[in-house]
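S.K.: Questions regarding the structure given below will be posed in turn.
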Amino acid sequence: MGVRVGLKVPVLGAGGWGTALAVAATRAGHPATLWARRPDFAARLSEERENREYLPGVVLPDGVEVTPDLGRAVDGSDFALVVVPSVGVPDLLAELPRDLGVVLCAKGLAPDGGRLTDLARALGFTRVAVLSGPNHAEEVGRGLPAATVVASADPALAETVQTALVSPALRVYTSRDEVGVELGGVLKNVMALAAGLGDGLRLGDNAKAALITRGLREMSRYLVSQGAHEDTVYGLSGLGDLVATATSRHSRNRAAGEAIARGENPAQGGKVVEGLRTAGLLEVWATAHGHDLPIVRAVARVANGEWTPDVGIASLMGRNAKPELEG
């Protein structure tokens with residue numbers, strides 16, 4: 001497919017997912033600009049045409065330009081994909097022009113525990129979207145079949161992003177449920193940590209199936225309480241992402257949970273594990289607002305060392321018996 005010059009796709013963040021999205025844009029027929037903050041890293045990517053640190057084995061097509069110059073990356077573009085870890089989003093947004101459409105791709109929370117979309121609007125951005133779904137960079141980068149969702153209160157922005165990424169290898173759906181799509185990606189990371197804990201303790205398939213099912217129920221209660229549509233919970237950014245992240249060998253959060261169960265460092269290699277930070281923020285929120293998020297609580301307390309993995313499992317298995325479906 002030839003590159004169409006009319007739509008330039010800036011991808012801000014040269015980790016694995018940012019690299020995969022840049023490649024996906026060229027696969028959809030659009031030139032992409034991949035921004036890396038470190039000039040030496042940008043130079044290496046540009047020369048080697050492969051992100052050996054974060055996405056080895058995926059060749060950067062000619063349609064991907066790599067630059068450490070943020071202004072150059074977004075110049076002439078209507079929107080940008082913001083693909084840095086959630087902790088880095090505030091600083092990056094502060095450097096961007098406010099008339100730029102920002103598409104938030106991190107599956108985490110703002111420093112105060114709020115939504116990144118709310119943070120972007122508080123900083124003056126009026127065109128905001130969120131991209132989420134069952135999308136492992138290792139597979140999207142290689143062109144394996146995948147699907148994702150872009151949600152925005154601005155339908156035109158969502159449709160532009162859809163056009164920028166949709167291809168025979170990647171189906172891109174649009175949604176107006178920003179809350180549901182954003183928070184589904186946030187909560188599933190915590191559930192994947194729990195799944196990894198179970199894998200590390202060798203609890204078996206029955207436990208994994210029960211964890212995914214009850215985890216989805218916990219996600220639903222939280223998302224709906226925040227204003228999400230319940231149907232979104234059972235879509236790609238909810239159930240779809242939960243299944244992928246809780247079961248895949250590519251899942252960083254699942255692997256981190258497994259490492260904790262083995263008494264190892266859950267963030268080996270210095271790579272960001274969003275669920276570790278998210279679990280703590282969500283437990284604080286649940287306690288303050290009187291919400292019952294038992295899996296979140298168990299993961300947060302095991303992750304911070306307050307509970308052992310065995311105590312975390314016991315806290316879930318020892319809960320009072322009740323009907324499966326409340327109400």
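Residue numbers start at 1 in each chain; chains themselves are named A, B, ... in the order of the structure tokens; ligands are numbered from 1 in the order shown.
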Quick one: residues within 8 Å of segment 234-244 of chain A, only C-alpha atoms, excluding same-chain residues fewer than 6 positions away - as a list of chain:residue names?
M.R.: A:Ser132, A:Gly133, A:Pro134, A:Asn135, A:Ala147, A:Thr148, A:Val149, A:Gly180, A:Val181, A:Glu182, A:Gly184, A:Gly185, A:Lys188, A:Asn189, A:Met191, A:Ala192, A:Ile212, A:Leu216, A:Ser251
S.K.: So that I have them on file, write out the residues from the current selection with N, CA, C and O atoms, as a PDB file, in the first residue's frame.
M.R.:
```pdb
ATOM      1  N   SER A 132      -7.410   2.173  23.082  1.00  0.00           N
ATOM      2  CA  SER A 132      -7.203   1.033  23.968  1.00  0.00           C
ATOM      3  C   SER A 132      -7.798  -0.220  23.344  1.00  0.00           C
ATOM      4  O   SER A 132      -8.712  -0.155  22.526  1.00  0.00           O
ATOM      5  N   GLY A 133      -7.280  -1.363  23.752  1.00  0.00           N
ATOM      6  CA  GLY A 133      -7.792  -2.632  23.257  1.00  0.00           C
ATOM      7  C   GLY A 133      -6.799  -3.744  23.528  1.00  0.00           C
ATOM      8  O   GLY A 133      -5.735  -3.517  24.109  1.00  0.00           O
ATOM      9  N   PRO A 134      -7.111  -4.960  23.090  1.00  0.00           N
ATOM     10  CA  PRO A 134      -6.205  -6.103  23.277  1.00  0.00           C
ATOM     11  C   PRO A 134      -5.094  -6.048  22.242  1.00  0.00           C
ATOM     12  O   PRO A 134      -5.135  -6.727  21.216  1.00  0.00           O
ATOM     13  N   ASN A 135      -4.084  -5.237  22.519  1.00  0.00           N
ATOM     14  CA  ASN A 135      -3.069  -4.936  21.504  1.00  0.00           C
ATOM     15  C   ASN A 135      -1.658  -5.108  22.055  1.00  0.00           C
ATOM     16  O   ASN A 135      -1.076  -4.156  22.586  1.00  0.00           O
ATOM     17  N   ALA A 147      -7.491  -5.849  16.779  1.00  0.00           N
ATOM     18  CA  ALA A 147      -8.542  -4.823  16.751  1.00  0.00           C
ATOM     19  C   ALA A 147      -8.366  -3.921  17.952  1.00  0.00           C
ATOM     20  O   ALA A 147      -7.867  -4.340  19.009  1.00  0.00           O
ATOM     21  N   THR A 148      -8.753  -2.674  17.807  1.00  0.00           N
ATOM     22  CA  THR A 148      -8.627  -1.701  18.880  1.00  0.00           C
ATOM     23  C   THR A 148      -9.785  -0.721  18.817  1.00  0.00           C
ATOM     24  O   THR A 148     -10.590  -0.751  17.888  1.00  0.00           O
ATOM     25  N   VAL A 149      -9.876   0.156  19.825  1.00  0.00           N
ATOM     26  CA  VAL A 149     -10.970   1.135  19.903  1.00  0.00           C
ATOM     27  C   VAL A 149     -10.383   2.511  20.171  1.00  0.00           C
ATOM     28  O   VAL A 149      -9.509   2.666  21.035  1.00  0.00           O
ATOM     29  N   GLY A 180     -15.336   4.598  29.671  1.00  0.00           N
ATOM     30  CA  GLY A 180     -15.273   3.144  29.653  1.00  0.00           C
ATOM     31  C   GLY A 180     -14.034   2.606  28.969  1.00  0.00           C
ATOM     32  O   GLY A 180     -13.385   1.682  29.475  1.00  0.00           O
ATOM     33  N   VAL A 181     -13.685   3.186  27.822  1.00  0.00           N
ATOM     34  CA  VAL A 181     -12.522   2.701  27.087  1.00  0.00           C
ATOM     35  C   VAL A 181     -11.239   2.993  27.862  1.00  0.00           C
ATOM     36  O   VAL A 181     -10.351   2.135  27.969  1.00  0.00           O
ATOM     37  N   GLU A 182     -11.141   4.191  28.437  1.00  0.00           N
ATOM     38  CA  GLU A 182      -9.929   4.540  29.183  1.00  0.00           C
ATOM     39  C   GLU A 182      -9.782   3.695  30.441  1.00  0.00           C
ATOM     40  O   GLU A 182      -8.717   3.117  30.695  1.00  0.00           O
ATOM     41  N   GLY A 184     -11.224   0.868  31.258  1.00  0.00           N
ATOM     42  CA  GLY A 184     -11.094  -0.567  31.000  1.00  0.00           C
ATOM     43  C   GLY A 184      -9.626  -0.944  30.867  1.00  0.00           C
ATOM     44  O   GLY A 184      -9.173  -1.946  31.434  1.00  0.00           O
ATOM     45  N   GLY A 185      -8.864  -0.135  30.129  1.00  0.00           N
ATOM     46  CA  GLY A 185      -7.443  -0.392  29.986  1.00  0.00           C
ATOM     47  C   GLY A 185      -6.684  -0.261  31.284  1.00  0.00           C
ATOM     48  O   GLY A 185      -5.675  -0.946  31.509  1.00  0.00           O
ATOM     49  N   LYS A 188      -7.815  -3.484  33.731  1.00  0.00           N
ATOM     50  CA  LYS A 188      -7.385  -4.821  33.305  1.00  0.00           C
ATOM     51  C   LYS A 188      -5.933  -5.090  33.679  1.00  0.00           C
ATOM     52  O   LYS A 188      -5.542  -6.247  33.867  1.00  0.00           O
ATOM     53  N   ASN A 189      -5.105  -4.037  33.808  1.00  0.00           N
ATOM     54  CA  ASN A 189      -3.718  -4.253  34.214  1.00  0.00           C
ATOM     55  C   ASN A 189      -3.626  -4.828  35.617  1.00  0.00           C
ATOM     56  O   ASN A 189      -2.782  -5.683  35.909  1.00  0.00           O
ATOM     57  N   MET A 191      -5.987  -6.619  37.078  1.00  0.00           N
ATOM     58  CA  MET A 191      -6.467  -7.995  36.996  1.00  0.00           C
ATOM     59  C   MET A 191      -5.396  -8.911  36.408  1.00  0.00           C
ATOM     60  O   MET A 191      -5.270 -10.076  36.796  1.00  0.00           O
ATOM     61  N   ALA A 192      -4.603  -8.389  35.471  1.00  0.00           N
ATOM     62  CA  ALA A 192      -3.526  -9.192  34.892  1.00  0.00           C
ATOM     63  C   ALA A 192      -2.440  -9.479  35.921  1.00  0.00           C
ATOM     64  O   ALA A 192      -1.845 -10.564  35.932  1.00  0.00           O
ATOM     65  N   ILE A 212     -10.582 -14.155  36.011  1.00  0.00           N
ATOM     66  CA  ILE A 212     -10.964 -13.323  34.867  1.00  0.00           C
ATOM     67  C   ILE A 212     -12.444 -12.942  34.950  1.00  0.00           C
ATOM     68  O   ILE A 212     -12.824 -11.794  34.727  1.00  0.00           O
ATOM     69  N   LEU A 216     -13.699  -9.226  35.758  1.00  0.00           N
ATOM     70  CA  LEU A 216     -14.544  -8.463  34.836  1.00  0.00           C
ATOM     71  C   LEU A 216     -15.721  -7.851  35.583  1.00  0.00           C
ATOM     72  O   LEU A 216     -16.106  -6.707  35.326  1.00  0.00           O
ATOM     73  N   SER A 251       2.349 -10.247  28.060  1.00  0.00           N
ATOM     74  CA  SER A 251       1.799  -9.300  29.030  1.00  0.00           C
ATOM     75  C   SER A 251       2.806  -8.952  30.118  1.00  0.00           C
ATOM     76  O   SER A 251       3.211  -9.800  30.929  1.00  0.00           O
TER      77      SER A 251
END
```
S.K.: Can you tell me, as a list in words, what residues are no more than 7 Å from segment 17-34 of chain A when counting only C-alpha atoms, ignoring any on the same chain fewer than 4 positions away?
M.R.: Met1, Gly2, Val3, Arg4, Val5, Leu7, Lys8, Val9, Pro10, Val11, Leu12, Gly13, Leu60, Pro61, Gly63, Val64, Glu65, Val66, Thr67, Ala73, Val83, Ala137, Val140, Gly141, Ala164, Leu165, Val166 and Ser167 of chain A
S.K.: Name the residues of segment 100-314 of chain A that come out as alpha helix (DSSP H) in a backbone DSSP run; write them as a PyMOL selection string.
M.R.: chain A and resi 116-122+137-140+155-165+178-200+205-225+230-233+241-247+252-261+274-289+294-303+309-314
S.K.: Which neighbours of His289 of chain A fall inside 12 Å, counting only C-alpha atoms, when residues of the same chain fewer than 5 positions from it are skipped, and could you give them as number ranges by chain?
M.R.: A: 222, 225-226, 282-284
S.K.: The selected residues should be written to file as a PDB file, in the first residue's frame (atoms: N, CA, C and O atoms).
M.R.:
```pdb
ATOM      1  N   TYR A 222     -16.826  -0.808  38.919  1.00  0.00           N
ATOM      2  CA  TYR A 222     -16.060   0.433  39.005  1.00  0.00           C
ATOM      3  C   TYR A 222     -16.318   1.337  37.805  1.00  0.00           C
ATOM      4  O   TYR A 222     -16.574   2.535  37.953  1.00  0.00           O
ATOM      5  N   SER A 225     -19.713   2.942  37.842  1.00  0.00           N
ATOM      6  CA  SER A 225     -19.791   3.968  38.895  1.00  0.00           C
ATOM      7  C   SER A 225     -19.137   5.278  38.452  1.00  0.00           C
ATOM      8  O   SER A 225     -19.455   6.349  38.959  1.00  0.00           O
ATOM      9  N   GLN A 226     -18.227   5.187  37.475  1.00  0.00           N
ATOM     10  CA  GLN A 226     -17.538   6.369  36.965  1.00  0.00           C
ATOM     11  C   GLN A 226     -18.209   6.972  35.736  1.00  0.00           C
ATOM     12  O   GLN A 226     -17.711   7.941  35.163  1.00  0.00           O
ATOM     13  N   LEU A 282      -5.892   2.997  42.966  1.00  0.00           N
ATOM     14  CA  LEU A 282      -7.292   2.575  43.001  1.00  0.00           C
ATOM     15  C   LEU A 282      -7.708   2.123  44.402  1.00  0.00           C
ATOM     16  O   LEU A 282      -8.850   2.349  44.816  1.00  0.00           O
ATOM     17  N   GLU A 283      -6.790   1.497  45.125  1.00  0.00           N
ATOM     18  CA  GLU A 283      -7.155   1.088  46.486  1.00  0.00           C
ATOM     19  C   GLU A 283      -7.413   2.321  47.353  1.00  0.00           C
ATOM     20  O   GLU A 283      -8.360   2.353  48.148  1.00  0.00           O
ATOM     21  N   VAL A 284      -6.591   3.342  47.216  1.00  0.00           N
ATOM     22  CA  VAL A 284      -6.804   4.584  47.965  1.00  0.00           C
ATOM     23  C   VAL A 284      -8.162   5.172  47.617  1.00  0.00           C
ATOM     24  O   VAL A 284      -8.925   5.593  48.498  1.00  0.00           O
TER      25      VAL A 284
END
```
S.K.: Any idea what's packed within 9 Å of Val130 of chain A, counting only C-alpha atoms, ignoring anything in its chain fewer than 6 positions away? Could you give it as a list in words?
M.R.: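 Counting only the stated atoms, we get Val102, Val103, Leu104, Cys105, Ala106, Leu116, Thr117, Val149, Val150, Ala151, Ser152, Ala158, Glu178, Val181 and Glu182 of chain A.
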S.K.: Once you have the residues from the selection above, write them out as a compact mmCIF listing (two decimals), in the first residue's frame, restricted to all heavy atoms.
M.R.:
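Below is the file that was written, part_15.txt:
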```txt
# COMPACT_ATOMS: atom_id res chain seq x y z
N VAL A 102 -5.10 15.32 20.97
CA VAL A 102 -4.21 14.37 21.66
C VAL A 102 -4.95 13.05 21.86
O VAL A 102 -6.08 13.01 22.34
CB VAL A 102 -3.69 14.92 23.00
CG1 VAL A 102 -2.73 16.07 22.75
CG2 VAL A 102 -4.82 15.37 23.91
N VAL A 103 -4.28 11.98 21.47
CA VAL A 103 -4.83 10.63 21.59
C VAL A 103 -4.00 9.89 22.62
O VAL A 103 -2.84 9.56 22.39
CB VAL A 103 -4.79 9.89 20.24
CG1 VAL A 103 -5.48 8.53 20.36
CG2 VAL A 103 -5.44 10.73 19.15
N LEU A 104 -4.57 9.67 23.79
CA LEU A 104 -3.85 9.09 24.92
C LEU A 104 -3.84 7.57 24.82
O LEU A 104 -4.90 6.94 24.77
CB LEU A 104 -4.50 9.55 26.23
CG LEU A 104 -4.55 11.08 26.37
CD1 LEU A 104 -5.48 11.49 27.51
CD2 LEU A 104 -3.16 11.66 26.59
N CYS A 105 -2.65 7.00 24.79
CA CYS A 105 -2.50 5.56 24.58
C CYS A 105 -1.96 4.82 25.79
O CYS A 105 -1.81 3.60 25.75
CB CYS A 105 -1.60 5.31 23.37
SG CYS A 105 -2.18 6.09 21.85
N ALA A 106 -1.62 5.55 26.87
CA ALA A 106 -1.15 4.90 28.09
C ALA A 106 -2.33 4.32 28.87
O ALA A 106 -3.39 4.94 28.94
CB ALA A 106 -0.40 5.91 28.96
N LEU A 116 -6.50 10.41 32.69
CA LEU A 116 -5.59 11.20 31.85
C LEU A 116 -6.36 12.12 30.91
O LEU A 116 -5.89 13.21 30.58
CB LEU A 116 -4.67 10.27 31.06
CG LEU A 116 -3.65 9.48 31.88
CD1 LEU A 116 -2.91 8.49 30.99
CD2 LEU A 116 -2.65 10.41 32.56
N THR A 117 -7.54 11.70 30.47
CA THR A 117 -8.35 12.57 29.61
C THR A 117 -8.77 13.82 30.35
O THR A 117 -8.79 14.92 29.78
CB THR A 117 -9.58 11.82 29.09
OG1 THR A 117 -10.24 11.16 30.18
CG2 THR A 117 -9.22 10.78 28.04
N VAL A 149 -9.88 0.16 19.83
CA VAL A 149 -10.97 1.14 19.90
C VAL A 149 -10.38 2.51 20.17
O VAL A 149 -9.51 2.67 21.03
CB VAL A 149 -11.95 0.79 21.05
CG1 VAL A 149 -13.12 1.78 21.06
CG2 VAL A 149 -12.48 -0.63 20.92
N VAL A 150 -10.86 3.52 19.45
CA VAL A 150 -10.52 4.90 19.75
C VAL A 150 -11.80 5.60 20.18
O VAL A 150 -12.80 5.58 19.48
CB VAL A 150 -9.85 5.62 18.56
CG1 VAL A 150 -10.70 5.58 17.30
CG2 VAL A 150 -9.50 7.06 18.93
N ALA A 151 -11.78 6.17 21.39
CA ALA A 151 -12.98 6.80 21.96
C ALA A 151 -12.75 8.27 22.16
O ALA A 151 -11.69 8.70 22.62
CB ALA A 151 -13.34 6.14 23.30
N SER A 152 -13.76 9.07 21.82
CA SER A 152 -13.66 10.51 22.01
C SER A 152 -15.05 11.13 21.99
O SER A 152 -15.96 10.64 21.32
CB SER A 152 -12.82 11.14 20.90
OG SER A 152 -12.73 12.54 21.05
N ALA A 158 -12.01 10.99 16.51
CA ALA A 158 -11.99 9.53 16.55
C ALA A 158 -11.94 8.94 15.13
O ALA A 158 -11.20 7.99 14.87
CB ALA A 158 -13.23 9.01 17.29
N GLU A 178 -15.54 7.55 26.29
CA GLU A 178 -14.15 7.78 26.73
C GLU A 178 -13.88 7.14 28.08
O GLU A 178 -12.84 6.51 28.30
CB GLU A 178 -13.88 9.28 26.85
CG GLU A 178 -13.51 9.98 25.59
CD GLU A 178 -13.19 11.44 25.86
OE1 GLU A 178 -12.87 11.79 27.02
OE2 GLU A 178 -13.28 12.24 24.92
N VAL A 181 -13.68 3.19 27.82
CA VAL A 181 -12.52 2.70 27.09
C VAL A 181 -11.24 2.99 27.86
O VAL A 181 -10.35 2.14 27.97
CB VAL A 181 -12.48 3.33 25.68
CG1 VAL A 181 -11.16 3.01 24.98
CG2 VAL A 181 -13.65 2.82 24.84
N GLU A 182 -11.14 4.19 28.44
CA GLU A 182 -9.93 4.54 29.18
C GLU A 182 -9.78 3.70 30.44
O GLU A 182 -8.72 3.12 30.70
CB GLU A 182 -9.95 6.02 29.55
CG GLU A 182 -8.71 6.46 30.31
CD GLU A 182 -8.65 7.95 30.57
OE1 GLU A 182 -9.65 8.66 30.30
OE2 GLU A 182 -7.61 8.42 31.06
```
S.K.: Return as a ChimeraX atom specification the full set of residues in segment 84-141 of chain A whose backbone-based DSSP assignment is strand (DSSP E or B).
M.R.: /A:101-104,128-132
S.K.: If you measure from atom CA of Asp292 of chain A to atom CA of Gly88 of chain A, what distance in Å do you get, rounded to one decimal?
M.R.: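 Distance reported for this atom pair: 29.4 Å.
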S.K.: One decimal, in Å: what's the spacing between atom CA of Ala110 of chain A and atom CA of Gly15 of chain A?
M.R.: 19.2 Å
